[in-house]
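Peer 1: Sharing work32.pdb below, PDB, C-alpha atoms, pLDDT in the B column:
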```pdb
ATOM      1  CA  MET A   1      -8.872  19.147 -22.397  1.00 58.00           C
ATOM      2  CA  THR A   2      -5.293  18.233 -21.455  1.00 87.00           C
ATOM      3  CA  THR A   3      -4.330  14.557 -21.530  1.00 92.00           C
ATOM      4  CA  LEU A   4      -1.557  12.799 -19.653  1.00 95.00           C
ATOM      5  CA  THR A   5      -0.440   9.223 -19.110  1.00 97.00           C
ATOM      6  CA  LEU A   6      -1.017   7.950 -15.585  1.00 98.00           C
ATOM      7  CA  ALA A   7       0.471   4.637 -14.469  1.00 98.00           C
ATOM      8  CA  TYR A   8       0.104   2.492 -11.378  1.00 98.00           C
ATOM      9  CA  PRO A   9       1.409  -0.995 -10.456  1.00 96.00           C
ATOM     10  CA  GLU A  10      -0.897  -4.009 -10.583  1.00 93.00           C
ATOM     11  CA  SER A  11      -2.490  -4.123  -7.137  1.00 93.00           C
ATOM     12  CA  THR A  12      -5.844  -3.032  -5.776  1.00 95.00           C
ATOM     13  CA  VAL A  13      -4.151  -0.705  -3.269  1.00 97.00           C
ATOM     14  CA  HIS A  14      -2.381   1.181  -6.061  1.00 97.00           C
ATOM     15  CA  GLU A  15      -5.541   1.078  -8.176  1.00 97.00           C
ATOM     16  CA  ALA A  16      -7.524   2.644  -5.325  1.00 97.00           C
ATOM     17  CA  THR A  17      -4.881   5.345  -4.873  1.00 98.00           C
ATOM     18  CA  ALA A  18      -4.889   6.064  -8.602  1.00 98.00           C
ATOM     19  CA  ALA A  19      -8.703   6.319  -8.618  1.00 97.00           C
ATOM     20  CA  ALA A  20      -8.546   9.121  -6.052  1.00 96.00           C
ATOM     21  CA  ILE A  21      -5.918  10.945  -8.132  1.00 97.00           C
ATOM     22  CA  ILE A  22      -7.925  10.468 -11.337  1.00 97.00           C
ATOM     23  CA  ARG A  23     -10.937  12.198  -9.779  1.00 95.00           C
ATOM     24  CA  VAL A  24      -8.760  15.223  -8.983  1.00 95.00           C
ATOM     25  CA  LEU A  25      -7.366  15.303 -12.528  1.00 96.00           C
ATOM     26  CA  GLU A  26     -10.777  15.035 -14.160  1.00 95.00           C
ATOM     27  CA  ALA A  27     -12.152  17.816 -11.959  1.00 94.00           C
ATOM     28  CA  ASN A  28      -9.356  19.983 -13.381  1.00 94.00           C
ATOM     29  CA  ASP A  29     -10.133  19.108 -17.026  1.00 94.00           C
ATOM     30  CA  VAL A  30      -7.229  16.689 -17.376  1.00 95.00           C
ATOM     31  CA  GLU A  31      -8.012  13.403 -19.093  1.00 95.00           C
ATOM     32  CA  PRO A  32      -5.725  10.575 -17.937  1.00 96.00           C
ATOM     33  CA  GLU A  33      -4.733   7.706 -20.191  1.00 97.00           C
ATOM     34  CA  ILE A  34      -4.254   4.746 -17.849  1.00 97.00           C
ATOM     35  CA  VAL A  35      -1.337   2.324 -17.966  1.00 97.00           C
ATOM     36  CA  THR A  36      -0.876  -0.507 -15.487  1.00 97.00           C
ATOM     37  CA  GLY A  37       1.493  -3.426 -15.257  1.00 95.00           C
ATOM     38  CA  PRO A  38       4.369  -4.895 -13.245  1.00 94.00           C
ATOM     39  CA  LYS A  39       6.399  -2.294 -11.378  1.00 93.00           C
ATOM     40  CA  SER A  40       9.564  -3.285 -13.256  1.00 94.00           C
ATOM     41  CA  VAL A  41       7.924  -2.489 -16.608  1.00 96.00           C
ATOM     42  CA  LEU A  42       6.509   0.814 -15.376  1.00 96.00           C
ATOM     43  CA  ALA A  43       9.892   1.782 -13.949  1.00 95.00           C
ATOM     44  CA  THR A  44      11.448   1.481 -17.416  1.00 96.00           C
ATOM     45  CA  MET A  45       8.609   3.464 -18.978  1.00 96.00           C
ATOM     46  CA  LEU A  46       8.978   6.201 -16.372  1.00 95.00           C
ATOM     47  CA  LYS A  47      12.729   6.395 -16.963  1.00 94.00           C
ATOM     48  CA  ASN A  48      12.081   6.660 -20.723  1.00 95.00           C
ATOM     49  CA  GLN A  49       9.485   9.425 -20.146  1.00 95.00           C
ATOM     50  CA  GLU A  50       6.664   7.279 -21.547  1.00 97.00           C
ATOM     51  CA  ILE A  51       4.704   7.956 -18.332  1.00 97.00           C
ATOM     52  CA  ASP A  52       3.705  11.418 -17.160  1.00 97.00           C
ATOM     53  CA  LEU A  53       2.426  10.605 -13.665  1.00 97.00           C
ATOM     54  CA  TYR A  54       3.226   7.532 -11.525  1.00 98.00           C
ATOM     55  CA  VAL A  55       0.915   6.578  -8.646  1.00 97.00           C
ATOM     56  CA  SER A  56       2.424   6.008  -6.168  1.00 94.00           C
ATOM     57  CA  ALA A  57       6.046   5.615  -5.079  1.00 97.00           C
ATOM     58  CA  TRP A  58       6.677   4.501  -1.487  1.00 97.00           C
ATOM     59  CA  LEU A  59       9.692   6.452  -0.329  1.00 97.00           C
ATOM     60  CA  PRO A  60      12.403   6.725   0.824  1.00 96.00           C
ATOM     61  CA  ASP A  61      13.131   2.982   0.730  1.00 95.00           C
ATOM     62  CA  GLU A  62      10.665   0.746  -1.097  1.00 95.00           C
ATOM     63  CA  ASP A  63      10.677   2.547  -4.464  1.00 96.00           C
ATOM     64  CA  ALA A  64      13.938   4.496  -4.305  1.00 96.00           C
ATOM     65  CA  ALA A  65      15.015   3.006  -7.653  1.00 95.00           C
ATOM     66  CA  LEU A  66      12.237   4.960  -9.398  1.00 96.00           C
ATOM     67  CA  LEU A  67      13.916   8.277  -8.588  1.00 95.00           C
ATOM     68  CA  THR A  68      15.946   8.557 -11.768  1.00 93.00           C
ATOM     69  CA  PRO A  69      17.365  11.966 -12.809  1.00 94.00           C
ATOM     70  CA  GLY A  70      14.686  14.585 -13.449  1.00 95.00           C
ATOM     71  CA  ILE A  71      11.828  12.698 -11.777  1.00 96.00           C
ATOM     72  CA  THR A  72       9.940  14.979  -9.367  1.00 96.00           C
ATOM     73  CA  PRO A  73       8.203  13.583  -6.256  1.00 98.00           C
ATOM     74  CA  LEU A  74       5.028  15.414  -5.272  1.00 97.00           C
ATOM     75  CA  GLY A  75       2.639  15.259  -2.332  1.00 97.00           C
ATOM     76  CA  THR A  76       2.252  13.209   0.822  1.00 97.00           C
ATOM     77  CA  LEU A  77      -0.664  10.877   0.149  1.00 98.00           C
ATOM     78  CA  PHE A  78      -0.358   8.485   3.098  1.00 98.00           C
ATOM     79  CA  HIS A  79       2.195   6.531   5.105  1.00 98.00           C
ATOM     80  CA  PRO A  80       2.500   2.821   4.185  1.00 98.00           C
ATOM     81  CA  GLU A  81       3.958   0.532   6.823  1.00 97.00           C
ATOM     82  CA  VAL A  82       4.925  -3.141   6.975  1.00 98.00           C
ATOM     83  CA  CYS A  83       3.440  -4.877  10.016  1.00 97.00           C
ATOM     84  CA  CYS A  84       3.415  -8.328  11.544  1.00 98.00           C
ATOM     85  CA  CYS A  85       0.013  -9.147  12.988  1.00 97.00           C
ATOM     86  CA  ILE A  86      -1.692 -11.918  14.924  1.00 96.00           C
ATOM     87  CA  PRO A  87      -5.378 -12.947  14.911  1.00 95.00           C
ATOM     88  CA  GLY A  88      -7.493 -11.683  17.775  1.00 90.00           C
ATOM     89  CA  GLU A  89      -7.675  -8.038  18.802  1.00 83.00           C
ATOM     90  CA  ASN A  90      -7.025  -9.174  22.377  1.00 83.00           C
ATOM     91  CA  ALA A  91      -4.405 -11.791  21.515  1.00 82.00           C
ATOM     92  CA  ALA A  92      -2.006 -12.852  24.272  1.00 88.00           C
ATOM     93  CA  TYR A  93       1.008 -11.858  22.189  1.00 93.00           C
ATOM     94  CA  THR A  94       1.784  -8.153  21.814  1.00 95.00           C
ATOM     95  CA  SER A  95       5.370  -8.023  20.533  1.00 97.00           C
ATOM     96  CA  LEU A  96       7.555  -9.789  17.989  1.00 98.00           C
ATOM     97  CA  ALA A  97      10.058 -10.149  20.799  1.00 97.00           C
ATOM     98  CA  ASP A  98       7.675 -12.630  22.482  1.00 95.00           C
ATOM     99  CA  ILE A  99       7.102 -14.908  19.498  1.00 97.00           C
ATOM    100  CA  ALA A 100      10.190 -17.162  19.772  1.00 96.00           C
ATOM    101  CA  GLN A 101       8.892 -18.325  23.169  1.00 96.00           C
ATOM    102  CA  ALA A 102       5.339 -18.952  21.915  1.00 95.00           C
ATOM    103  CA  GLY A 103       3.706 -22.284  22.627  1.00 94.00           C
ATOM    104  CA  PRO A 104       2.569 -24.902  20.091  1.00 94.00           C
ATOM    105  CA  GLU A 105      -0.799 -23.158  19.672  1.00 94.00           C
ATOM    106  CA  LEU A 106       0.947 -20.658  17.350  1.00 96.00           C
ATOM    107  CA  SER A 107       1.559 -22.058  13.856  1.00 97.00           C
ATOM    108  CA  ARG A 108       5.229 -22.255  12.878  1.00 97.00           C
ATOM    109  CA  THR A 109       4.402 -21.623   9.203  1.00 98.00           C
ATOM    110  CA  ILE A 110       4.298 -17.943   8.244  1.00 98.00           C
ATOM    111  CA  ILE A 111       2.405 -17.312   4.991  1.00 98.00           C
ATOM    112  CA  THR A 112       4.303 -14.380   3.468  1.00 98.00           C
ATOM    113  CA  PRO A 113       3.439 -12.076   0.538  1.00 98.00           C
ATOM    114  CA  THR A 114       6.401 -12.115  -1.845  1.00 96.00           C
ATOM    115  CA  SER A 115       6.790  -8.335  -1.642  1.00 95.00           C
ATOM    116  CA  LEU A 116       7.367  -8.646   2.124  1.00 97.00           C
ATOM    117  CA  LEU A 117       9.802 -11.574   1.996  1.00 98.00           C
ATOM    118  CA  ALA A 118      12.950  -9.496   2.606  1.00 97.00           C
ATOM    119  CA  HIS A 119      11.276  -7.775   5.557  1.00 98.00           C
ATOM    120  CA  MET A 120      10.257 -11.092   7.095  1.00 98.00           C
ATOM    121  CA  GLU A 121      13.688 -12.642   6.549  1.00 98.00           C
ATOM    122  CA  LYS A 122      15.057  -9.808   8.680  1.00 98.00           C
ATOM    123  CA  VAL A 123      12.388 -10.495  11.334  1.00 98.00           C
ATOM    124  CA  MET A 124      13.353 -14.177  11.392  1.00 98.00           C
ATOM    125  CA  GLU A 125      16.998 -13.238  11.936  1.00 98.00           C
ATOM    126  CA  VAL A 126      16.532 -10.451  14.493  1.00 98.00           C
ATOM    127  CA  TYR A 127      13.981 -12.229  16.678  1.00 98.00           C
ATOM    128  CA  GLY A 128      15.450 -15.750  16.479  1.00 98.00           C
ATOM    129  CA  LEU A 129      12.380 -17.254  14.824  1.00 98.00           C
ATOM    130  CA  THR A 130      14.239 -19.721  12.615  1.00 97.00           C
ATOM    131  CA  ALA A 131      15.871 -21.302  15.676  1.00 96.00           C
ATOM    132  CA  ALA A 132      12.411 -21.428  17.278  1.00 97.00           C
ATOM    133  CA  GLY A 133      11.122 -23.549  14.381  1.00 97.00           C
ATOM    134  CA  PHE A 134       9.312 -20.925  12.307  1.00 98.00           C
ATOM    135  CA  THR A 135       9.488 -21.054   8.495  1.00 98.00           C
ATOM    136  CA  LEU A 136       8.407 -18.621   5.809  1.00 98.00           C
ATOM    137  CA  ALA A 137       5.995 -19.772   3.107  1.00 98.00           C
ATOM    138  CA  PRO A 138       6.125 -17.090   0.388  1.00 98.00           C
ATOM    139  CA  SER A 139       3.550 -16.770  -2.381  1.00 97.00           C
ATOM    140  CA  PRO A 140       2.330 -13.990  -4.715  1.00 95.00           C
ATOM    141  CA  ASP A 141       0.834 -11.115  -2.765  1.00 95.00           C
ATOM    142  CA  ALA A 142      -2.815 -11.618  -3.740  1.00 93.00           C
ATOM    143  CA  GLU A 143      -2.660 -15.356  -2.983  1.00 96.00           C
ATOM    144  CA  ALA A 144      -0.915 -14.798   0.354  1.00 97.00           C
ATOM    145  CA  ILE A 145      -3.398 -12.126   1.472  1.00 96.00           C
ATOM    146  CA  ALA A 146      -6.302 -14.409   0.540  1.00 96.00           C
ATOM    147  CA  ALA A 147      -4.712 -17.212   2.572  1.00 97.00           C
ATOM    148  CA  LEU A 148      -4.184 -14.891   5.555  1.00 97.00           C
ATOM    149  CA  ASN A 149      -7.818 -13.804   5.313  1.00 96.00           C
ATOM    150  CA  ALA A 150      -8.813 -17.479   5.408  1.00 96.00           C
ATOM    151  CA  ILE A 151      -6.739 -17.933   8.591  1.00 95.00           C
ATOM    152  CA  LEU A 152      -8.693 -15.091  10.179  1.00 94.00           C
ATOM    153  CA  THR A 153     -11.992 -16.607   9.065  1.00 93.00           C
ATOM    154  CA  ARG A 154     -11.092 -20.021  10.505  1.00 93.00           C
ATOM    155  CA  GLY A 155      -9.889 -18.504  13.776  1.00 90.00           C
ATOM    156  CA  GLU A 156      -6.430 -20.046  13.543  1.00 94.00           C
ATOM    157  CA  LEU A 157      -3.411 -18.589  15.350  1.00 96.00           C
ATOM    158  CA  ALA A 158      -0.569 -17.660  13.011  1.00 97.00           C
ATOM    159  CA  LEU A 159       1.689 -14.712  12.275  1.00 98.00           C
ATOM    160  CA  MET A 160       0.354 -12.470   9.507  1.00 98.00           C
ATOM    161  CA  PRO A 161       2.871 -10.296   7.610  1.00 98.00           C
ATOM    162  CA  LEU A 162       0.903  -7.430   6.037  1.00 98.00           C
ATOM    163  CA  CYS A 163       1.505  -3.994   4.624  1.00 97.00           C
ATOM    164  CA  GLN A 164      -1.031  -1.326   5.360  1.00 97.00           C
ATOM    165  CA  PRO A 165      -3.022  -0.063   3.583  1.00 98.00           C
ATOM    166  CA  CYS A 166      -4.844  -3.333   2.863  1.00 97.00           C
ATOM    167  CA  PHE A 167      -8.510  -4.311   3.055  1.00 97.00           C
ATOM    168  CA  LEU A 168      -7.774  -6.581   6.030  1.00 97.00           C
ATOM    169  CA  PHE A 169      -6.976  -3.540   8.191  1.00 97.00           C
ATOM    170  CA  HIS A 170     -10.463  -2.165   7.485  1.00 95.00           C
ATOM    171  CA  GLN A 171     -11.969  -5.576   8.213  1.00 94.00           C
ATOM    172  CA  GLY A 172     -10.061  -5.952  11.508  1.00 94.00           C
ATOM    173  CA  GLY A 173     -10.001  -8.923  13.847  1.00 94.00           C
ATOM    174  CA  PHE A 174      -6.269  -8.940  14.579  1.00 96.00           C
ATOM    175  CA  ARG A 175      -3.567  -7.147  16.541  1.00 95.00           C
ATOM    176  CA  ILE A 176      -0.465  -5.434  15.156  1.00 97.00           C
ATOM    177  CA  LEU A 177       2.591  -6.723  17.023  1.00 97.00           C
ATOM    178  CA  THR A 178       5.136  -4.190  18.183  1.00 97.00           C
ATOM    179  CA  ASP A 179       8.563  -4.354  16.550  1.00 98.00           C
ATOM    180  CA  PRO A 180      11.007  -3.065  19.186  1.00 98.00           C
ATOM    181  CA  SER A 181      14.086  -3.807  17.054  1.00 97.00           C
ATOM    182  CA  LYS A 182      12.574  -2.140  13.953  1.00 97.00           C
ATOM    183  CA  ALA A 183      13.302  -5.253  11.892  1.00 98.00           C
ATOM    184  CA  LEU A 184      10.385  -4.522   9.533  1.00 97.00           C
ATOM    185  CA  GLY A 185      11.855  -1.175   8.510  1.00 96.00           C
ATOM    186  CA  ARG A 186      10.605   2.363   8.843  1.00 95.00           C
ATOM    187  CA  GLU A 187       7.339   3.956   7.817  1.00 96.00           C
ATOM    188  CA  GLN A 188       7.239   5.099   4.184  1.00 97.00           C
ATOM    189  CA  THR A 189       5.560   8.032   2.427  1.00 98.00           C
ATOM    190  CA  ALA A 190       3.393   7.474  -0.655  1.00 98.00           C
ATOM    191  CA  ARG A 191       4.169  10.161  -3.235  1.00 98.00           C
ATOM    192  CA  LEU A 192       3.344  10.934  -6.837  1.00 98.00           C
ATOM    193  CA  LEU A 193       6.186  10.914  -9.369  1.00 98.00           C
ATOM    194  CA  LEU A 194       6.159  13.406 -12.246  1.00 97.00           C
ATOM    195  CA  ARG A 195       8.230  12.985 -15.379  1.00 96.00           C
ATOM    196  CA  PRO A 196      10.827  15.669 -16.082  1.00 95.00           C
ATOM    197  CA  GLY A 197       9.177  18.958 -17.051  1.00 94.00           C
ATOM    198  CA  LEU A 198       5.596  17.977 -16.198  1.00 94.00           C
ATOM    199  CA  ARG A 199       5.328  20.177 -13.108  1.00 94.00           C
ATOM    200  CA  ASP A 200       5.956  23.272 -15.244  1.00 93.00           C
ATOM    201  CA  GLU A 201       3.413  22.144 -17.868  1.00 93.00           C
ATOM    202  CA  LEU A 202       0.507  21.704 -15.442  1.00 93.00           C
ATOM    203  CA  GLU A 203      -1.654  24.515 -14.101  1.00 93.00           C
ATOM    204  CA  GLN A 204      -0.319  25.682 -10.743  1.00 95.00           C
ATOM    205  CA  ASP A 205      -3.742  25.180  -9.106  1.00 95.00           C
ATOM    206  CA  LEU A 206      -3.668  21.482 -10.091  1.00 95.00           C
ATOM    207  CA  VAL A 207      -0.087  21.058  -8.871  1.00 96.00           C
ATOM    208  CA  ASP A 208      -1.080  22.627  -5.547  1.00 96.00           C
ATOM    209  CA  GLU A 209      -4.163  20.415  -5.226  1.00 96.00           C
ATOM    210  CA  LEU A 210      -2.169  17.243  -5.890  1.00 97.00           C
ATOM    211  CA  ASP A 211       0.573  18.369  -3.533  1.00 97.00           C
ATOM    212  CA  GLU A 212      -1.938  19.047  -0.745  1.00 96.00           C
ATOM    213  CA  LEU A 213      -4.126  15.952  -1.255  1.00 95.00           C
ATOM    214  CA  LEU A 214      -4.160  13.964   1.979  1.00 94.00           C
ATOM    215  CA  LEU A 215      -5.387  10.408   1.860  1.00 94.00           C
ATOM    216  CA  SER A 216      -4.528   7.961   4.656  1.00 95.00           C
ATOM    217  CA  VAL A 217      -3.944   4.255   5.166  1.00 97.00           C
ATOM    218  CA  LYS A 218      -7.476   4.132   6.646  1.00 96.00           C
ATOM    219  CA  ILE A 219      -9.005   5.650   3.515  1.00 96.00           C
ATOM    220  CA  ILE A 220      -7.098   3.404   1.099  1.00 97.00           C
ATOM    221  CA  SER A 221      -7.781   0.320   3.265  1.00 97.00           C
ATOM    222  CA  ALA A 222     -11.496   1.191   3.217  1.00 96.00           C
ATOM    223  CA  MET A 223     -11.430   1.633  -0.569  1.00 97.00           C
ATOM    224  CA  ASP A 224      -9.558  -1.662  -0.915  1.00 97.00           C
ATOM    225  CA  TYR A 225     -12.223  -3.338   1.265  1.00 96.00           C
ATOM    226  CA  ALA A 226     -15.005  -1.861  -0.886  1.00 96.00           C
ATOM    227  CA  MET A 227     -13.320  -3.317  -3.974  1.00 96.00           C
ATOM    228  CA  HIS A 228     -12.458  -6.732  -2.479  1.00 93.00           C
ATOM    229  CA  VAL A 229     -15.538  -7.407  -0.376  1.00 93.00           C
ATOM    230  CA  GLU A 230     -18.330  -5.155  -1.616  1.00 94.00           C
ATOM    231  CA  GLY A 231     -17.605  -5.548  -5.320  1.00 95.00           C
ATOM    232  CA  MET A 232     -17.102  -1.850  -6.083  1.00 96.00           C
ATOM    233  CA  SER A 233     -14.889  -0.671  -8.899  1.00 96.00           C
ATOM    234  CA  ALA A 234     -11.991   1.591  -7.949  1.00 96.00           C
ATOM    235  CA  ASP A 235     -13.884   4.581  -9.337  1.00 95.00           C
ATOM    236  CA  GLU A 236     -16.991   3.693  -7.303  1.00 96.00           C
ATOM    237  CA  ALA A 237     -14.871   3.346  -4.175  1.00 96.00           C
ATOM    238  CA  ALA A 238     -13.246   6.731  -4.843  1.00 95.00           C
ATOM    239  CA  GLU A 239     -16.663   8.330  -5.272  1.00 94.00           C
ATOM    240  CA  ALA A 240     -17.893   6.716  -2.050  1.00 94.00           C
ATOM    241  CA  TRP A 241     -14.856   8.137  -0.258  1.00 92.00           C
ATOM    242  CA  GLN A 242     -15.455  11.623  -1.665  1.00 89.00           C
ATOM    243  CA  ARG A 243     -19.083  11.496  -0.577  1.00 89.00           C
ATOM    244  CA  GLY A 244     -18.137  10.379   2.931  1.00 86.00           C
ATOM    245  CA  ARG A 245     -19.737   6.946   2.687  1.00 86.00           C
ATOM    246  CA  LEU A 246     -16.666   4.763   3.371  1.00 82.00           C
ATOM    247  CA  LEU A 247     -15.639   5.793   6.864  1.00 79.00           C
ATOM    248  CA  PRO A 248     -17.678   7.004   9.844  1.00 67.00           C
ATOM    249  CA  ARG A 249     -17.394  10.729  10.348  1.00 54.00           C
TER     250      ARG A 249
END
```
Now that the file is in, can you turn its structure into structure tokens?
Peer 2:
Amino acid sequence: MTTLTLAYPESTVHEATAAAIIRVLEANDVEPEIVTGPKSVLATMLKNQEIDLYVSAWLPDEDAALLTPGITPLGTLFHPEVCCCIPGENAAYTSLADIAQAGPELSRTIITPTSLLAHMEKVMEVYGLTAAGFTLAPSPDAEAIAALNAILTRGELALMPLCQPCFLFHQGGFRILTDPSKALGREQTARLLLRPGLRDELEQDLVDELDELLLSVKIISAMDYAMHVEGMSADEAAEAWQRGRLLPR
């Protein structure tokens, strides 16, 4: 059996994505050795060819720095997107362009995952939210998402910066605001990264299967929900997806 080193950043979304890839590898008699850690550490390892397969880079913008010479992107797994949301699927607000004129019922504090801080700073500038009294309250991603989930549970009205996939999108209960000025940036593509030379070392059937594997933000959000809310491991969530138990057919 062939072995290779597979790495993914420390987040349940990346862990869920990796679990789906691992099932493909194992079905092709490839045994992955798993490495996880901060993205900055993994980036150095990938550059030094200490990682064979990185899951997954969000391109062309978010993870462009990972594309060092010789690294080969592969596949189109799903399309991540940064969104700004508001509780209530039938909320009165539909666009970020409306928020500066919102009444006092909308909280002026915006709990913000650290990874989305630069995106939200652009939103504040483009849509005049700072002048309207809004402030960003950044915190580590997991803490911020938990706090945003609590806002949903309590039925409070506040802006919710999120990146899909995320378990909250499977859970629902909020509306995605339109972004007419594209302040949040463009949609990304989640791709695998192969170290130099790996594509030629792998069986062509496996390369083709990885290249053609289509996940989606709905699938990864559902897996993330199964891990966060239902207590599944990433492998159990991946198996549930393969068996068609995560999403209605």
Peer 1: Smallest atom-to-atom distance to Ala144 (chain A): which of A:Val123, A:Ile219, A:Ala131, A:Leu116, using only C-alpha atoms?
Peer 2: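 Under the stated criterion, the closest residue is A:Leu116.
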Peer 1: For the atom pair CA of Arg195 (chain A) and CA of Ile71 (chain A), what is the interatomic distance in Å to one decimal place?
Peer 2: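 Answer for the CA of Arg195 (chain A) to CA of Ile71 (chain A) separation: 5.1 Å.
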Peer 1: Do a neighbour search on Pro60 (chain A) at 10 Å with all atoms listed in the file, toss out local chain neighbours closer than 6 positions, and write the hits as a VMD selection string.
Peer 2: chain A and resid 67 186 to 191
Peer 1: Going by the chain IDs and residue numbers used in this file, which residues fall under the PyMOL selection byres ((chain A and resi 225) around 10)? Write them as a list in words.
Peer 2: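 Listing what the PyMOL selection byres ((chain A and resi 225) around 10) selects in the shown file: Thr12, Val13, Cys166, Phe167, Leu168, Phe169, His170, Gln171, Ile219, Ile220, Ser221, Ala222, Met223, Asp224, Ala226, Met227, His228, Val229, Glu230, Gly231, Met232, Ala237 and Leu246 of chain A.
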Peer 1: To verify the selection step, state as an MDAnalysis selection string which residues the PyMOL selection byres ((chain A and resi 74-87) around 7) yields on this input.
Peer 2: chainID A and resid 72:73 88:89 91 152 157:165 173:177 184 187:193 210:217
Peer 1: Give me the residues within 9 Å of Pro9 (chain A) as number ranges by chain, counting all atoms listed in the file and dropping any in the same chain fewer than 2 places off.
Peer 2: A: 7, 11-12, 14-15, 35-40, 42, 54-56
Peer 1: Name the residues captured by the PyMOL selection byres ((chain A and resi 20-31) around 8) when it is applied to the shown file; answer as an NGL selection string.
Peer 2: :A and (1-4 or 16-19 or 32-33 or 206 or 209-210 or 235 or 238)
